Structures are given as C-alpha cells and as structure tokens.
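Below is my_file.cif, holding mmCIF, C-alpha atoms.
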data_target
loop_
_atom_site.group_PDB
_atom_site.id
_atom_site.type_symbol
_atom_site.label_atom_id
_atom_site.label_comp_id
_atom_site.auth_asym_id
_atom_site.auth_seq_id
_atom_site.Cartn_x
_atom_site.Cartn_y
_atom_site.Cartn_z
ATOM 1 C CA SER M 861 -5.325 -18.172 -8.565
ATOM 2 C CA GLN M 862 -3.643 -17.022 -5.384
ATOM 3 C CA ARG M 863 -1.138 -14.160 -5.420
ATOM 4 C CA ARG M 864 1.256 -13.240 -2.710
ATOM 5 C CA THR M 865 1.197 -9.827 -1.094
ATOM 6 C CA PRO M 866 2.498 -7.150 -3.504
ATOM 7 C CA PRO M 867 6.271 -7.333 -4.012
ATOM 8 C CA SER M 868 8.349 -4.927 -1.972
ATOM 9 C CA LEU M 869 11.157 -2.493 -2.680
ATOM 10 C CA VAL M 870 13.330 -2.478 0.433
ATOM 11 C CA SER M 871 16.197 -0.109 1.184
ATOM 12 C CA TRP M 872 19.801 -1.281 1.238
ATOM 13 C CA ARG M 873 22.028 0.409 3.824
ATOM 14 C CA GLY M 874 19.551 3.236 4.222
ATOM 15 C CA ARG M 875 19.357 4.147 0.546
ATOM 16 C CA ALA M 876 17.084 2.675 -2.102
ATOM 17 C CA ALA M 877 17.345 3.261 -5.833
ATOM 18 C CA ALA M 878 14.576 2.141 -8.136
ATOM 19 C CA ASP M 879 12.133 3.288 -10.771
ATOM 20 C CA PRO M 880 8.637 3.556 -9.222
ATOM 21 C CA ALA M 881 7.208 4.504 -12.605
ATOM 22 C CA ARG M 882 7.941 0.966 -13.733
ATOM 23 C CA HIS M 883 4.887 0.068 -11.669
ATOM 24 C CA PRO M 884 2.377 2.806 -12.550
ATOM 25 C CA SER M 885 3.480 3.293 -16.156
ATOM 26 C CA ARG M 886 3.333 -0.359 -17.129
ATOM 27 C CA LEU M 887 0.279 -0.842 -14.947
ATOM 28 C CA ARG M 888 -1.544 1.916 -16.752
ATOM 29 C CA SER M 889 -0.657 0.889 -20.297
ATOM 30 C CA THR M 890 -1.540 -2.724 -19.525
ATOM 31 C CA ARG M 891 -4.829 -1.904 -17.863
ATOM 32 C CA LEU M 892 -5.875 0.525 -20.567
ATOM 33 C CA GLY M 893 -5.265 -2.375 -22.929
ATOM 34 C CA GLY M 894 -8.207 -4.167 -21.365
ATOM 35 C CA TRP M 895 -7.094 -5.538 -18.020
ATOM 36 C CA PHE M 896 -9.683 -3.729 -15.920
ATOM 37 C CA THR M 897 -12.415 -4.315 -18.494
ATOM 38 C CA THR M 898 -11.756 -8.000 -19.168
ATOM 39 C CA ARG M 899 -10.869 -8.884 -15.539
ATOM 40 C CA ARG M 900 -7.958 -11.123 -16.422
ATOM 41 C CA ALA M 901 -7.289 -13.687 -13.698
ATOM 42 C CA THR M 902 -3.516 -13.180 -13.731
ATOM 43 C CA PRO M 903 -2.239 -9.593 -13.411
ATOM 44 C CA PRO M 904 1.113 -8.351 -14.725
ATOM 45 C CA PRO M 905 4.029 -9.356 -12.461
ATOM 46 C CA ASP M 906 4.506 -5.738 -11.325
ATOM 47 C CA ALA M 907 0.831 -4.908 -10.864
ATOM 48 C CA SER M 908 1.641 -3.456 -7.467
ATOM 49 C CA VAL M 909 4.888 -2.552 -5.736
ATOM 50 C CA THR M 910 5.108 -1.808 -2.026
ATOM 51 C CA ILE M 911 7.906 0.596 -1.092
ATOM 52 C CA LYS M 912 9.432 0.006 2.347
ATOM 53 C CA MET M 913 11.430 2.686 4.136
ATOM 54 C CA GLU M 914 13.031 3.137 7.545
ATOM 55 C CA ARG M 915 13.397 6.138 9.799
ATOM 56 C CA CYS M 916 16.657 8.081 9.232
ATOM 57 C CA GLY M 917 16.843 6.668 5.693
ATOM 58 C CA ILE M 918 17.559 8.514 2.438
ATOM 59 C CA TYR M 919 15.867 7.154 -0.674
ATOM 60 C CA GLU M 920 16.286 7.954 -4.353
ATOM 61 C CA LEU M 921 13.497 7.080 -6.767
ATOM 62 C CA THR M 922 13.449 7.893 -10.478
ATOM 63 C CA LEU M 923 10.059 8.524 -12.052
ATOM 64 C CA THR M 924 9.815 8.096 -15.830
ATOM 65 C CA HIS M 925 6.736 9.132 -17.818
ATOM 66 C CA ASN M 926 5.820 6.263 -20.170
ATOM 67 C CA LEU M 927 2.073 6.796 -20.400
ATOM 68 C CA GLN M 928 2.110 7.310 -24.190
ATOM 69 C CA ASN M 929 -0.392 10.167 -24.054
ATOM 70 C CA SER M 930 -0.521 13.918 -23.486
ATOM 71 C CA GLU M 931 -1.256 13.787 -19.748
ATOM 72 C CA THR M 932 1.330 14.970 -17.261
ATOM 73 C CA THR M 933 2.301 13.002 -14.187
ATOM 74 C CA ASN M 934 4.462 13.171 -11.057
ATOM 75 C CA LEU M 935 4.844 11.389 -7.712
ATOM 76 C CA HIS M 936 3.486 12.099 -4.229
ATOM 77 C CA THR M 937 4.201 10.147 -1.035
ATOM 78 C CA HIS M 938 0.904 10.429 0.814
ATOM 79 C CA GLY M 939 1.170 10.873 4.587
ATOM 80 C CA LEU M 940 4.932 11.191 4.937
ATOM 81 C CA HIS M 941 6.180 14.199 6.887
ATOM 82 C CA ILE M 942 8.990 15.130 4.530
ATOM 83 C CA SER M 943 10.067 18.155 2.519
ATOM 84 C CA GLY M 944 7.950 19.297 -0.412
ATOM 85 C CA ASP M 945 10.674 21.557 -1.784
ATOM 86 C CA SER M 946 13.251 21.486 -4.537
ATOM 87 C CA ALA M 947 16.520 23.029 -3.334
ATOM 88 C CA ASN M 948 20.123 22.855 -4.505
ATOM 89 C CA GLY M 949 19.148 20.553 -7.330
ATOM 90 C CA ILE M 950 17.516 18.014 -4.985
ATOM 91 C CA VAL M 951 13.823 17.347 -5.609
ATOM 92 C CA SER M 952 11.747 15.924 -2.774
ATOM 93 C CA ASP M 953 7.968 15.485 -2.593
ATOM 94 C CA ASN M 954 7.302 18.514 -4.817
ATOM 95 C CA VAL M 955 3.908 18.240 -6.520
ATOM 96 C CA TRP M 956 3.846 21.923 -7.529
ATOM 97 C CA ASP M 957 6.892 22.197 -9.746
ATOM 98 C CA VAL M 958 7.287 18.667 -11.140
ATOM 99 C CA SER M 959 5.062 17.938 -14.123
ATOM 100 C CA LEU M 960 6.448 15.308 -16.474
ATOM 101 C CA THR M 961 5.396 14.766 -20.058
ATOM 102 C CA ASN M 962 5.983 11.664 -22.128
ATOM 103 C CA GLY M 963 9.596 10.510 -22.100
ATOM 104 C CA GLN M 964 10.720 12.782 -19.259
ATOM 105 C CA SER M 965 12.244 11.529 -15.982
ATOM 106 C CA GLN M 966 12.721 13.001 -12.525
ATOM 107 C CA LEU M 967 15.004 11.863 -9.707
ATOM 108 C CA TYR M 968 13.356 12.227 -6.284
ATOM 109 C CA THR M 969 15.245 12.187 -2.985
ATOM 110 C CA PHE M 970 13.228 11.380 0.133
ATOM 111 C CA LYS M 971 14.798 11.931 3.561
ATOM 112 C CA ILE M 972 12.838 10.217 6.325
ATOM 113 C CA PRO M 973 13.250 11.990 9.699
ATOM 114 C CA CYS M 974 14.614 9.905 12.562
ATOM 115 C CA ASP M 975 11.505 10.723 14.618
ATOM 116 C CA HIS M 976 9.031 9.882 11.852
ATOM 117 C CA THR M 977 6.091 7.693 12.827
ATOM 118 C CA THR M 978 6.238 4.137 11.557
ATOM 119 C CA GLY M 979 3.185 2.906 9.715
ATOM 120 C CA THR M 980 1.258 2.412 6.496
ATOM 121 C CA TYR M 981 1.249 5.179 3.874
ATOM 122 C CA TRP M 982 0.970 5.208 0.092
ATOM 123 C CA TYR M 983 2.205 6.892 -3.082
ATOM 124 C CA HIS M 984 0.379 8.080 -6.187
ATOM 125 C CA SER M 985 0.460 10.536 -9.044
ATOM 126 C CA HIS M 986 -0.572 14.067 -8.106
ATOM 127 C CA THR M 987 -1.584 16.171 -11.106
ATOM 128 C CA HIS M 988 -4.783 17.611 -12.567
ATOM 129 C CA ASP M 989 -5.440 14.090 -13.847
ATOM 130 C CA THR M 990 -4.989 12.512 -10.403
ATOM 131 C CA ALA M 991 -8.504 11.039 -10.151
ATOM 132 C CA ALA M 992 -8.317 9.509 -13.626
ATOM 133 C CA GLN M 993 -4.818 8.177 -13.059
ATOM 134 C CA LEU M 994 -5.750 6.711 -9.679
ATOM 135 C CA GLY M 995 -8.695 5.004 -11.319
ATOM 136 C CA GLU M 996 -6.266 3.438 -13.760
ATOM 137 C CA GLY M 997 -3.897 2.176 -11.117
ATOM 138 C CA LEU M 998 -1.142 4.744 -10.515
ATOM 139 C CA SER M 999 -0.748 4.069 -6.801
ATOM 140 C CA GLY M 1000 0.900 1.715 -4.352
ATOM 141 C CA ALA M 1001 1.524 1.106 -0.664
ATOM 142 C CA LEU M 1002 4.425 2.699 1.190
ATOM 143 C CA ILE M 1003 5.491 1.434 4.613
ATOM 144 C CA VAL M 1004 7.782 3.029 7.170
ATOM 145 C CA THR M 1005 8.819 -0.155 8.949
ATOM 146 C CA ASP M 1006 8.795 -0.791 12.678
ATOM 147 C CA SER M 1007 12.468 -1.841 12.668
ATOM 148 C CA ALA M 1008 13.645 1.369 14.393
ATOM 149 C CA ASN M 1009 10.721 1.488 16.812
ATOM 150 C CA ARG M 1010 10.578 -2.092 18.044
ATOM 151 C CA GLU M 1011 10.872 -1.266 21.720
ATOM 152 C CA ALA M 1012 7.561 0.619 21.686
ATOM 153 C CA ILE M 1013 5.497 -2.102 19.952
ATOM 154 C CA PRO M 1014 4.174 -5.320 21.543
ATOM 155 C CA GLN M 1015 6.151 -8.381 20.466
ATOM 156 C CA SER M 1016 2.939 -10.107 19.378
ATOM 157 C CA ILE M 1017 2.408 -7.417 16.719
ATOM 158 C CA LEU M 1018 6.026 -7.563 15.568
ATOM 159 C CA ASP M 1019 5.764 -11.346 15.148
ATOM 160 C CA MET M 1020 2.696 -11.215 12.891
ATOM 161 C CA ARG M 1021 2.989 -12.068 9.233
ATOM 162 C CA GLU M 1022 2.031 -9.049 7.103
ATOM 163 C CA TYR M 1023 -0.127 -8.817 3.993
ATOM 164 C CA VAL M 1024 -0.629 -5.590 2.013
ATOM 165 C CA VAL M 1025 -4.120 -4.927 0.648
ATOM 166 C CA LEU M 1026 -4.229 -2.211 -2.020
ATOM 167 C CA ALA M 1027 -7.845 -1.313 -2.809
ATOM 168 C CA GLN M 1028 -8.086 0.440 -6.169
ATOM 169 C CA GLN M 1029 -11.085 1.345 -8.259
ATOM 170 C CA ALA M 1030 -11.873 1.270 -11.949
ATOM 171 C CA GLY M 1031 -15.646 1.229 -12.030
ATOM 172 C CA SER M 1032 -15.706 -1.474 -9.354
ATOM 173 C CA TYR M 1033 -13.080 -2.277 -6.759
ATOM 174 C CA VAL M 1034 -9.873 -4.112 -7.570
ATOM 175 C CA THR M 1035 -7.807 -5.713 -4.792
ATOM 176 C CA ASN M 1036 -4.074 -6.071 -5.420
ATOM 177 C CA GLY M 1037 -4.804 -5.951 -9.136
ATOM 178 C CA GLN M 1038 -7.569 -8.551 -9.033
ATOM 179 C CA VAL M 1039 -11.332 -8.570 -8.672
ATOM 180 C CA LYS M 1040 -10.791 -10.768 -5.594
ATOM 181 C CA ASP M 1041 -7.524 -11.688 -3.916
ATOM 182 C CA THR M 1042 -6.921 -14.916 -1.983
ATOM 183 C CA VAL M 1043 -4.874 -15.221 1.201
ATOM 184 C CA SER M 1044 -3.810 -18.503 2.818
ATOM 185 C CA MET M 1045 -3.758 -18.595 6.616
ATOM 186 C CA ALA M 1046 -3.249 -21.231 9.270
ATOM 187 C CA VAL M 1047 -5.876 -21.972 11.877
ATOM 188 C CA GLY M 1048 -5.210 -19.696 14.847
ATOM 189 C CA GLU M 1049 -2.627 -17.554 13.011
ATOM 190 C CA TRP M 1050 -2.763 -13.788 13.449
ATOM 191 C CA VAL M 1051 -2.047 -11.936 10.199
ATOM 192 C CA ARG M 1052 -1.535 -8.195 9.991
ATOM 193 C CA PHE M 1053 -3.327 -6.676 7.003
ATOM 194 C CA ARG M 1054 -2.109 -3.251 5.914
ATOM 195 C CA VAL M 1055 -5.097 -1.860 4.006
ATOM 196 C CA VAL M 1056 -4.636 1.118 1.672
ATOM 197 C CA HIS M 1057 -7.855 2.642 0.340
ATOM 198 C CA SER M 1058 -6.602 4.290 -2.857
ATOM 199 C CA ALA M 1059 -9.944 3.989 -4.633
ATOM 200 C CA VAL M 1060 -11.714 7.058 -6.001
ATOM 201 C CA ARG M 1061 -14.830 6.290 -3.939
ATOM 202 C CA SER M 1062 -15.013 8.446 -0.808
ATOM 203 C CA ALA M 1063 -15.451 5.792 1.876
ATOM 204 C CA ALA M 1064 -15.663 2.066 2.548
ATOM 205 C CA GLU M 1065 -16.547 -0.211 5.459
ATOM 206 C CA PHE M 1066 -14.749 -3.536 5.475
ATOM 207 C CA THR M 1067 -16.336 -6.574 7.117
ATOM 208 C CA ILE M 1068 -15.184 -10.170 7.570
ATOM 209 C CA SER M 1069 -17.568 -13.102 7.682
ATOM 210 C CA SER M 1070 -18.210 -14.750 11.063
ATOM 211 C CA GLY M 1071 -15.599 -17.181 12.321
ATOM 212 C CA CYS M 1072 -12.703 -14.726 12.434
ATOM 213 C CA GLU M 1073 -11.541 -12.187 15.008
ATOM 214 C CA VAL M 1074 -10.565 -8.666 13.942
ATOM 215 C CA LYS M 1075 -8.434 -6.265 15.956
ATOM 216 C CA LEU M 1076 -7.603 -2.711 14.907
ATOM 217 C CA LEU M 1077 -3.913 -1.838 15.207
ATOM 218 C CA ALA M 1078 -3.481 1.522 13.455
ATOM 219 C CA LYS M 1079 -5.250 4.182 11.398
ATOM 220 C CA ASP M 1080 -3.488 6.410 8.857
ATOM 221 C CA GLY M 1081 -0.036 5.359 9.998
ATOM 222 C CA ILE M 1082 -0.661 5.896 13.728
ATOM 223 C CA TYR M 1083 -1.079 3.067 16.242
ATOM 224 C CA VAL M 1084 -4.373 3.335 18.091
ATOM 225 C CA SER M 1085 -4.418 3.375 21.887
ATOM 226 C CA PRO M 1086 -4.961 0.822 23.178
ATOM 227 C CA ALA M 1087 -3.697 -1.517 20.460
ATOM 228 C CA PRO M 1088 -4.849 -4.044 19.532
ATOM 229 C CA ARG M 1089 -8.510 -2.997 19.786
ATOM 230 C CA THR M 1090 -11.297 -5.510 19.128
ATOM 231 C CA VAL M 1091 -13.687 -4.453 16.331
ATOM 232 C CA GLU M 1092 -16.379 -6.158 14.256
ATOM 233 C CA SER M 1093 -15.596 -4.124 11.128
ATOM 234 C CA PHE M 1094 -13.403 -1.188 10.247
ATOM 235 C CA PHE M 1095 -14.427 1.979 8.471
ATOM 236 C CA ILE M 1096 -12.191 3.964 6.122
ATOM 237 C CA GLY M 1097 -13.682 7.407 5.773
ATOM 238 C CA THR M 1098 -11.786 8.880 2.824
ATOM 239 C CA MET M 1099 -10.209 7.738 -0.407
ATOM 240 C CA ALA M 1100 -6.722 8.299 1.016
ATOM 241 C CA SER M 1101 -7.007 6.555 4.389
ATOM 242 C CA ARG M 1102 -5.315 3.426 5.669
ATOM 243 C CA ALA M 1103 -6.028 0.887 8.379
ATOM 244 C CA ASP M 1104 -3.904 -1.867 9.899
ATOM 245 C CA VAL M 1105 -5.895 -4.780 11.293
ATOM 246 C CA ALA M 1106 -4.967 -8.146 12.774
ATOM 247 C CA VAL M 1107 -7.148 -11.090 11.776
ATOM 248 C CA ARG M 1108 -7.336 -14.616 13.206
ATOM 249 C CA CYS M 1109 -9.674 -17.419 12.143
ATOM 250 C CA THR M 1110 -10.123 -20.244 14.646
ATOM 251 C CA SER M 1111 -11.433 -22.972 12.351
ATOM 252 C CA PRO M 1112 -10.636 -24.191 8.826
ATOM 253 C CA GLY M 1113 -12.664 -22.877 5.912
ATOM 254 C CA THR M 1114 -12.968 -19.942 3.524
ATOM 255 C CA PHE M 1115 -13.912 -16.574 4.986
ATOM 256 C CA SER M 1116 -14.739 -13.473 2.947
ATOM 257 C CA VAL M 1117 -13.637 -9.848 3.338
ATOM 258 C CA THR M 1118 -16.071 -7.441 1.662
ATOM 259 C CA GLY M 1119 -17.000 -3.764 1.596
ATOM 260 C CA GLY M 1120 -14.269 -2.273 -0.579
ATOM 261 C CA ALA M 1121 -11.486 -4.791 -0.930
ATOM 262 C CA GLU M 1122 -12.573 -8.310 -1.822
ATOM 263 C CA LEU M 1123 -10.546 -11.152 -0.316
ATOM 264 C CA ASP M 1124 -11.040 -14.824 0.442
ATOM 265 C CA LEU M 1125 -9.200 -16.001 3.540
ATOM 266 C CA VAL M 1126 -8.466 -19.705 3.014
ATOM 267 C CA VAL M 1127 -7.742 -21.190 6.428
ATOM 268 C CA SER M 1128 -6.255 -24.648 6.937
ATOM 269 C CA GLY M 1129 -3.568 -26.441 8.930
ATOM 270 C CA ALA M 1130 -2.155 -25.636 12.349
ATOM 271 C CA CYS M 1131 -0.310 -22.399 13.093
ATOM 272 C CA SER M 1132 3.428 -23.059 13.436
ATOM 273 C CA SER M 1133 5.061 -19.703 12.587
ATOM 274 C CA GLY M 1134 4.412 -15.975 12.954
ATOM 275 C CA TYR M 1135 2.151 -15.206 15.908
ATOM 276 C CA CYS M 1136 -0.140 -18.017 17.031
ATOM 277 C CA GLY M 1137 -1.516 -16.389 20.156
#
Re-express the file's structure as structure tokens.
Amino acid sequence: SQRRTPPSLVSWRGRAAADPARHPSRLRSTRLGGWFTTRRATPPPDASVTIKMERCGIYELTLTHNLQNSETTNLHTHGLHISGDSANGIVSDNVWDVSLTNGQSQLYTFKIPCDHTTGTYWYHSHTHDTAAQLGEGLSGALIVTDSANREAIPQSILDMREYVVLAQQAGSYVTNGQVKDTVSMAVGEWVRFRVVHSAVRSAAEFTISSGCEVKLLAKDGIYVSPAPRTVESFFIGTMASRADVAVRCTSPGTFSVTGGAELDLVVSGACSSGYCG
C-alpha cells in the first residue's frame, strides 16, 4: 500500500522541541521484533521522521534511550556545520562525551548559523555500535529548508513537490521502512526527491526506467552548478551521501526506481499543481 513521504518535524518560531528517539527507539524495538525479517507491508506510523530546520534557528531535541539492551547510543546530525561541544550546560552535536544507557535522556541544542547552506542532511546514532544500529533503522532525514534562501534558487525548483527517500539496509535495502515504496505523480509533474543513503553498503547507483526525465539538483546538501543538470542515473558514492533529483514522467504508467532504494512511480492524470514545466 502507498505511504506518504516520511512525516516531518517542523520548527515553530525558530525553535523545535521533540523527542527524536521516539523514532529510532520504537523503530528498533519494532524491527527487532521481526519487521525487517517478515517484511510487513505496513510499517509503524513513526517508521521515519524527517526533521526540518531553518537557518538562524535554535532547536532543542531530547534523546531517550529505550533500546532495552546494554548498547549505548547518542545522536549525530550528519553534515550540519554546527558546534560539537558541550559548554555551560548546553550540549550540541557532541558524539564524544554523550553515551546514553537504557533509561537515560539527553537534551540537545542545535544552533543553525544564518549563513548555513540549505539542503538535505541526515541524523543517526554515533557510537561503537553505529553500523549495527544503522542497520536496524536508527536514522532519518534532516532538511535545512530553502525558506531563507529563496532568492538564490530558481522558482521552478521552489515550486516542486518534495518527497523524502530514506534508503536503509538490513540485509537488503529498505525504502522509507518498506521493501518498496510507491509514489503517485501526475503526468508532466516535476517532483523533487531528497534521497538519503543511510544504508551500511558503501555505494549505490540509482536508475529510473525509461519514460521519465531525471535532473540532478544537489549533492550532499550543496546545489550543483548548473542546476538542474540532466542525468540518466545518479551515483551515491558513500553510505552517508545524499542526492536531490527532480523527476518528471511524460506518460501514464508505472515506472521503477532501482539500485539502492526501490520505488514505483505511479503516474496518472494531468499535472495541475506544483511545477508542471
């Protein structure tokens, strides 16, 4: 069955308060209970949470260890240019000193610089068990939105509907918590896919079946120049990389994305919203 793009946590007046461990902790306990092995068709409602931030924003996130085992865990925002220190009782992206055991919590404060690049990033646990915890789902997308940088971005890109693709790995790939995700599109509609390769595998090359156009917008949170750039496929060279691509299909039908993340693009009806260029 079709799922929408992962739900988002969006800041309110420049400050967001939430519990990101609600995603990885429940995700882990549920998946260890057989979700990855039985390939259930319907994932838990919080199988993935996308965190959205803005430049100049201050965000507070509380991480709670609910893994019910002896492993330690913490939180890392991958790609953000923010402090990694703990000073005056304020803990930022500190992966050296924060190591939570079962039942412990930690309040993180993230201050996004006003000149920070907008783009697609991600968050994950960052301990000695990082690879194992990533393989069990402790990761999610993190976006620094274009809202404070609109003047520098073509209007066509700003108008595109967005869809987050979180590629995880537990033996084989899982896309947004499913073996294969399904995305509905209109004929002629451009959709921006923010792809996060959080799988343990080192690299992946994503391809889309013929009948659709693909244009590269950004890599690792940085817009390419020129953007958009026409490509036939897009390569993600490491387990931590991201790519933003715009896709348009010009005829109705079902088109497949393969090579790391598995998606079916179900295309029907005329484009009437978003960007129909």
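Comparing M:Val1004, M:Val1107, M:Ile1068, M:Lys1040 by their smallest distance to Arg1052 of chain M, the closest is M:Val1107 (using only C-alpha atoms).
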Excluding segment 941-945 of chain M and its own-chain neighbours fewer than 5 positions away, which residues fall within 9 Å of it when counting all atoms listed in the file? Please give them as a ChimeraX atom specification.
/M:950-957,970-973,976-977
Padded axis-aligned box of segment 1030-1040 of chain M (6 Å per side), centre and edge lengths, Å, one decimal, as JSON:
{"center_x": -9.9, "center_y": -4.7, "center_z": -8.4, "size_x": 23.6, "size_y": 24.0, "size_z": 19.2}
Name the residues that the PyMOL selection byres ((chain M and resi 1071) around 8) picks from the file above, as number ranges by chain, using the file's chain letters and numbers.
M: 1069-1070, 1072-1073, 1109-1111, 1115
For the atom pair atom CA of Ala1100 of chain M and atom CA of Leu960 of chain M, what is the interatomic distance in Å to one decimal place?
23.0 Å
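Among M:Arg1089, M:Arg1054, M:Arg1021, M:Lys1079, the residue with the shortest atom-to-atom distance to Cys1131 of chain M, counting all atoms listed in the file, is M:Arg1021.
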Run the PyMOL selection byres ((chain M and resi 1104) around 8) on the file and write out the hits as a PyMOL selection string.
chain M and resi 980+1052-1055+1076-1079+1102-1103+1105-1106
Pick the closest to Ser1058 of chain M from M:His984, M:Arg915, M:His925, M:Arg1010: which is it, counting all atoms listed in the file?
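The shortest atom-to-atom distance to Ser1058 of chain M comes from M:His984.
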Work out how far apart atom CA of Val1039 of chain M and atom CA of His936 of chain M are and give it in Å to one decimal.
25.8 Å
Between M:Ala1121, M:Ala947, M:Leu1002, M:Leu921, which is the closest to Ser1032 of chain M once you count all atoms listed in the file?
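For Ser1032 of chain M, the nearest of the given residues is M:Ala1121.
You will find atom CA of Ile1017 of chain M at 21.4 Å from atom CA of Val1126 of chain M.
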Among M:Cys916, M:Met1045, M:Leu940, M:Ala991, Met1020 of chain M is approached most closely, using all atoms listed in the file, by M:Met1045
Could you pull out every residue with an atom within 8 Å of (1.4, 10.5, -17.2), file coordinates, counting all atoms listed in the file, and send them as a PDB file with C-alpha atoms, in the coordinates of the input?
ATOM      1  CA  SER M 885       3.480   3.293 -16.156  1.00  0.00           C
ATOM      2  CA  HIS M 925       6.736   9.132 -17.818  1.00  0.00           C
ATOM      3  CA  ASN M 926       5.820   6.263 -20.170  1.00  0.00           C
ATOM      4  CA  LEU M 927       2.073   6.796 -20.400  1.00  0.00           C
ATOM      5  CA  GLN M 928       2.110   7.310 -24.190  1.00  0.00           C
ATOM      6  CA  ASN M 929      -0.392  10.167 -24.054  1.00  0.00           C
ATOM      7  CA  SER M 930      -0.521  13.918 -23.486  1.00  0.00           C
ATOM      8  CA  GLU M 931      -1.256  13.787 -19.748  1.00  0.00           C
ATOM      9  CA  THR M 932       1.330  14.970 -17.261  1.00  0.00           C
ATOM     10  CA  THR M 933       2.301  13.002 -14.187  1.00  0.00           C
ATOM     11  CA  ASN M 934       4.462  13.171 -11.057  1.00  0.00           C
ATOM     12  CA  LEU M 960       6.448  15.308 -16.474  1.00  0.00           C
ATOM     13  CA  THR M 961       5.396  14.766 -20.058  1.00  0.00           C
ATOM     14  CA  ASN M 962       5.983  11.664 -22.128  1.00  0.00           C
ATOM     15  CA  GLN M 993      -4.818   8.177 -13.059  1.00  0.00           C
TER      16      GLN M 993
END
With all atoms listed in the file as the basis for distance, which of M:Ala1064, M:Leu935, M:Ile911, M:Val1084 is at the shortest distance from Gln966 of chain M?
M:Leu935
Answer key for the PyMOL selection byres ((chain M and resi 1091) around 8), residues as number ranges by chain:
M: 1074-1076, 1089-1090, 1092-1094
For a cutoff of 7 Å around the file-coordinate point (1.9, 5.5, 0.9), which residues qualify once you count all atoms listed in the file? I'd like the result as JSON, numbers by chain.
{"M": [937, 938, 939, 980, 981, 982, 983, 1000, 1001, 1002, 1003]}
Do a neighbour search on Gly1120 of chain M at 7 Å with all atoms listed in the file, toss out local chain neighbours closer than 4 positions, and write the hits as a JSON list (two decimals) with C-alpha atoms, in the coordinates of the input.
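File selection_14.json, as written:
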[["chain", "number", "residue", "atom", "x", "y", "z"],
["M", 1027, "ALA", "CA", -7.84, -1.31, -2.81],
["M", 1033, "TYR", "CA", -13.08, -2.28, -6.76],
["M", 1064, "ALA", "CA", -15.66, 2.07, 2.55],
["M", 1065, "GLU", "CA", -16.55, -0.21, 5.46],
["M", 1066, "PHE", "CA", -14.75, -3.54, 5.48]]
Take segment 1122-1136 of chain M, bring it up to N, CA and C atoms, and give me the output as an mmCIF file, keeping the file's coordinate frame.
data_model
loop_
_atom_site.group_PDB
_atom_site.id
_atom_site.type_symbol
_atom_site.label_atom_id
_atom_site.label_comp_id
_atom_site.auth_asym_id
_atom_site.auth_seq_id
_atom_site.Cartn_x
_atom_site.Cartn_y
_atom_site.Cartn_z
ATOM 1 N N GLU M 1122 -11.975 -6.990 -1.825
ATOM 2 C CA GLU M 1122 -12.573 -8.310 -1.822
ATOM 3 C C GLU M 1122 -11.468 -9.347 -1.664
ATOM 4 N N LEU M 1123 -11.520 -10.101 -0.550
ATOM 5 C CA LEU M 1123 -10.546 -11.152 -0.316
ATOM 6 C C LEU M 1123 -11.244 -12.408 0.179
ATOM 7 N N ASP M 1124 -10.673 -13.560 -0.171
ATOM 8 C CA ASP M 1124 -11.040 -14.824 0.442
ATOM 9 C C ASP M 1124 -9.893 -15.255 1.333
ATOM 10 N N LEU M 1125 -10.186 -15.489 2.608
ATOM 11 C CA LEU M 1125 -9.200 -16.001 3.540
ATOM 12 C C LEU M 1125 -9.373 -17.519 3.604
ATOM 13 N N VAL M 1126 -8.409 -18.246 3.054
ATOM 14 C CA VAL M 1126 -8.466 -19.705 3.014
ATOM 15 C C VAL M 1126 -7.660 -20.227 4.185
ATOM 16 N N VAL M 1127 -8.358 -20.824 5.163
ATOM 17 C CA VAL M 1127 -7.742 -21.190 6.428
ATOM 18 C C VAL M 1127 -7.666 -22.713 6.543
ATOM 19 N N SER M 1128 -6.440 -23.208 6.782
ATOM 20 C CA SER M 1128 -6.255 -24.648 6.937
ATOM 21 C C SER M 1128 -4.930 -24.895 7.656
ATOM 22 N N GLY M 1129 -4.802 -26.065 8.272
ATOM 23 C CA GLY M 1129 -3.568 -26.441 8.930
ATOM 24 C C GLY M 1129 -3.355 -25.698 10.235
ATOM 25 N N ALA M 1130 -2.428 -26.224 11.047
ATOM 26 C CA ALA M 1130 -2.155 -25.636 12.349
ATOM 27 C C ALA M 1130 -1.125 -24.526 12.233
ATOM 28 N N CYS M 1131 -1.241 -23.519 13.079
ATOM 29 C CA CYS M 1131 -0.310 -22.399 13.093
ATOM 30 C C CYS M 1131 1.009 -22.847 13.693
ATOM 31 N N SER M 1132 2.108 -22.625 12.941
ATOM 32 C CA SER M 1132 3.428 -23.059 13.436
ATOM 33 C C SER M 1132 4.477 -21.966 13.302
ATOM 34 N N SER M 1133 4.110 -20.807 12.741
ATOM 35 C CA SER M 1133 5.061 -19.703 12.587
ATOM 36 C C SER M 1133 4.315 -18.385 12.711
ATOM 37 N N GLY M 1134 5.056 -17.264 12.752
ATOM 38 C CA GLY M 1134 4.412 -15.975 12.954
ATOM 39 C C GLY M 1134 3.928 -15.861 14.377
ATOM 40 N N TYR M 1135 2.727 -15.331 14.576
ATOM 41 C CA TYR M 1135 2.151 -15.206 15.908
ATOM 42 C C TYR M 1135 0.921 -16.073 16.003
ATOM 43 N N CYS M 1136 0.956 -17.051 16.889
ATOM 44 C CA CYS M 1136 -0.140 -18.017 17.031
ATOM 45 C C CYS M 1136 -0.828 -17.858 18.369
#
